[in-house]
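Engineer: Shown below is the structure under consideration.
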Amino acid sequence: MNRPLIGIVTGAAGGIGSAIALRLAAEGARLIITDLDRGGLERVADEHASRNSGSDVGKLIPVEGDATDSALSEKLVSSALDAFGQINVLVNCSGWLKDDRVQSMSPDLFGRLLDINLVGPMRLAGAVLPHMKAQRYGRIVSLSSRAFLGNFGSSGYSAAKGALVGATRSLALSFAPYGVTVNCIAPGFIDTPMSRSMPPHIVERVIGSIPVGRAGTVDDVGALVSFLAGEHSGYITGQTILACGGRSISGALTAPQTPPKGASK
Ligand SMILES: NC(=O)c1ccc[n+]([C@@H]2O[C@H](COP(=O)([O-])OP(=O)(O)OC[C@H]3O[C@@H](n4cnc5c(N)ncnc54)[C@H](O)[C@@H]3O)[C@@H](O)[C@H]2O)c1
């Protein structure tokens with residue numbers, strides 16, 4: 001029998017995070033789910049309860065919080081320990097995407113992109129790792145993005161998601177001797193509210209450039225999280241797995257060209 005997953009999923013009111021929480025809970029996981037969006041978290045917990053009507057398979061406990069709040073990580077760890085007595089999995093899924101052309105970006109915006117997409121997830125990793133190390137077992141899976149390879153118009157987001165890859169590799173080396181694996185998933189275009197917040201003409205170009213010929217689904221990511229968070233992935237650590245329908249091998253899009261003023265058409 002597989003070891004039951006016990007721990008924390010962040011960004012769990014969002015498109016990918018809610019699908020991950022529901023999938024893991026359906027597989028028997030007991031999880032603290034967290035997000036800025038309290039109503040969204042409650043809808044996810046209710047959906048799990050109604051899908052499993054009365055059975056005690058899996059459990060989702062909502063704890064609202066802001067990833068930029070330095071007190072949140074300890075609150076989440078104590079909530080998990082109080083409710084379940086241990087933590088063996090952390091899925092970092094909260095994130096924020098904002099068009100941030102570096103030419104017009106304020107330092108505040110750059111800092112906020114780093115705080116939400118990098119500092120928050122790493123602070124939480126730092127809070128769960130001592131528990132995982134002590135029990136000689138743990139799994140951390142963080143949502144980076146294919147944007148770490150470079151995306152036009154998203155320097156801060158790409159920087160944060162790239163730094164998450166570096167931090168993951170470093171943590172993996174530090175904790176490998178203790179049975180703890182640390183990995184990233186780097187999705188390409190997954191159909192969620194975040195990706196649909198991009199301008200429609202960009203969405204159309206991106207989807208047109210995906211070799212497998214479609215946008216990704218939340219289940220494409222959920223299946224991978226389920227494997228990496230589980231017991232059978234113990235020989236994989238420090239890795240960033242691209243789930244992007246082959247876009248990373250087919251060349252990135254560049255910004256649309258605007259002809260110089262006065263040029264003939
Ligand atoms: N959708 C995609 O195409 C795509 C591609 C690559 C990477 N990702 C990454 O996957 C993860 C999930 O993305 P998604 O598409 O589900 O996006 P989403 O916007 O649907 O979900 C993100 C969640 O993070 C939460 N969040 C944002 N700021 C927060 C904060 N300060 N504190 C706490 N929670 C906060 C939001 O409330 C939201 O529920 C993100 O890390 C994102 O960067 C998504």
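Each chain in the structure tokens gets a letter, A, B and so on, in the order shown; residues start at 1 in every chain, and ligands are counted from 1 in the order they appear.
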Around ligand 1, out to 6 Å and counting only C-alpha atoms and all ligand atoms, which residues are there? I want them as number ranges by chain.
Structural biologist: A: 11-17, 35-37, 65-68, 93-96, 116, 143-146, 186-195
Engineer: Could you take the residues named above and write them with C-alpha atoms, as a compact mmCIF listing (two decimals), in the first residue's frame?
Structural biologist:
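Once written, out-v1.txt looks like this:
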```
# COMPACT_ATOMS: atom_id res chain seq x y z
CA GLY A 11 -2.91 28.17 -4.26
CA ALA A 12 -5.64 25.59 -3.71
CA ALA A 13 -8.51 27.87 -4.75
CA GLY A 14 -6.92 28.36 -8.18
CA GLY A 15 -7.36 26.40 -11.40
CA ILE A 16 -4.40 24.03 -11.03
CA GLY A 17 -4.22 24.02 -7.21
CA ASP A 35 -5.01 30.52 -0.61
CA LEU A 36 -5.92 34.22 -0.42
CA ASP A 37 -9.42 33.27 -1.53
CA GLY A 65 -3.60 33.29 4.10
CA ASP A 66 -1.39 35.57 2.03
CA ALA A 67 1.83 34.00 0.72
CA THR A 68 3.62 37.32 1.29
CA CYS A 93 1.00 26.09 -6.28
CA SER A 94 0.14 29.69 -5.40
CA GLY A 95 1.36 32.13 -7.99
CA TRP A 96 0.70 35.45 -9.65
CA ILE A 116 4.50 35.68 -4.31
CA LEU A 143 4.92 24.93 -9.64
CA SER A 144 7.51 26.78 -11.68
CA SER A 145 6.59 27.65 -15.28
CA ARG A 146 7.89 27.09 -18.80
CA ALA A 186 7.13 23.76 -15.29
CA PRO A 187 3.79 23.87 -17.11
CA GLY A 188 3.35 25.56 -20.45
CA PHE A 189 -0.09 26.96 -21.31
CA ILE A 190 -2.64 25.29 -19.01
CA ASP A 191 -6.24 26.38 -19.44
CA THR A 192 -7.02 28.25 -16.18
CA PRO A 193 -8.13 31.76 -15.15
CA MET A 194 -4.44 32.78 -14.90
CA SER A 195 -3.54 31.84 -18.47
```
Engineer: Just checking: using only C-alpha atoms, which residue out of A:Pro107, A:Gly208, A:Gly153, A:Pro177 ends up closest to Ala255 in chain A?
Structural biologist: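 Nearest candidate to Ala255 in chain A out of A:Pro107, A:Gly208, A:Gly153, A:Pro177: A:Gly153.
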Engineer: Identify all residues of range 130-182 of chain A in strand (DSSP E or B) (DSSP on the backbone) and supply them as a ChimeraX atom specification.
Structural biologist: /A:138-143,154,180-182
Engineer: Please provide as a PDB file with C-alpha atoms, in the first residue's frame all residues within 8 Å of Thr181 in chain A, with the sequence filter that same-chain residues fewer than 4 positions apart are discarded (counting only C-alpha atoms).
Structural biologist:
```pdb
ATOM      1  CA  GLY A 138       9.204  14.017   2.437  1.00  0.00           C
ATOM      2  CA  ARG A 139       8.148  15.324  -0.951  1.00  0.00           C
ATOM      3  CA  ILE A 140       8.159  18.954  -2.090  1.00  0.00           C
ATOM      4  CA  ALA A 172      17.368  18.731  -3.313  1.00  0.00           C
ATOM      5  CA  PHE A 175      17.964  17.025   1.780  1.00  0.00           C
ATOM      6  CA  ALA A 176      18.581  13.994  -0.477  1.00  0.00           C
ATOM      7  CA  GLY A 234      12.053   8.625  -4.635  1.00  0.00           C
ATOM      8  CA  ILE A 236      13.873  11.759  -8.841  1.00  0.00           C
ATOM      9  CA  THR A 237      15.086  14.910  -7.101  1.00  0.00           C
ATOM     10  CA  GLY A 238      16.223  18.398  -8.067  1.00  0.00           C
TER      11      GLY A 238
END
```
Engineer: What is the CA of Met132 in chain A-CA of Val77 in chain A distance in Å, reported with one decimal?
Structural biologist: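 Between CA of Met132 in chain A and CA of Val77 in chain A the gap is 11.5 Å.
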Engineer: Taking into account only C-alpha atoms, which residue in the set A:Tyr157, A:Phe84, A:Tyr137, A:Phe148 is nearest to Arg101 in chain A?
Structural biologist: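 Distance minimum relative to Arg101 in chain A lands on A:Tyr157.
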Engineer: Between A:Ala229, A:Leu149, A:Val165, A:Ala134, single out the one closest to Ala29 in chain A, counting only C-alpha atoms.
Structural biologist: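 Among the listed residues, A:Ala229 lies closest to Ala29 in chain A.
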Engineer: Go through A:Met122, A:Ala223, A:Val203, A:Val212 and flag the residue nearest Thr168 in chain A, using only C-alpha atoms for the distances.
Structural biologist: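 Of the candidates, the smallest distance to Thr168 in chain A is held by A:Met122.
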Engineer: Report as a compact mmCIF listing (two decimals) with C-alpha atoms, in the first residue's frame all protein, DNA and RNA residues lying within 8 Å of Ile33 in chain A, evaluated on only C-alpha atoms, omitting residues in the same chain fewer than 6 positions from it.
Structural biologist:
```txt
# COMPACT_ATOMS: atom_id res chain seq x y z
CA ILE A 8 -0.11 21.28 2.53
CA VAL A 9 -1.24 22.49 -0.92
CA THR A 10 -1.00 26.24 -1.59
CA GLY A 11 -2.91 28.17 -4.26
CA ALA A 12 -5.64 25.59 -3.71
CA ALA A 21 -6.10 19.17 -3.99
CA LEU A 41 -11.06 27.18 -0.57
CA LEU A 60 -9.21 19.01 2.99
CA ILE A 61 -8.99 21.70 5.67
CA PRO A 62 -9.05 25.33 4.43
CA VAL A 63 -6.68 27.88 6.02
```
Engineer: Per DSSP on the backbone, filter range 91-151 of chain A down to the residues in helix (DSSP H, G or I) and report them as an NGL selection string.
Structural biologist: :A and (102-104 or 107-135 or 146-149)
Engineer: Which is closer to Arg23 in chain A than all the others in A:Arg51, A:Gly39, A:Lys75, A:Pro121, using only C-alpha atoms?
Structural biologist: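 The closest residue to Arg23 in chain A is A:Arg51.
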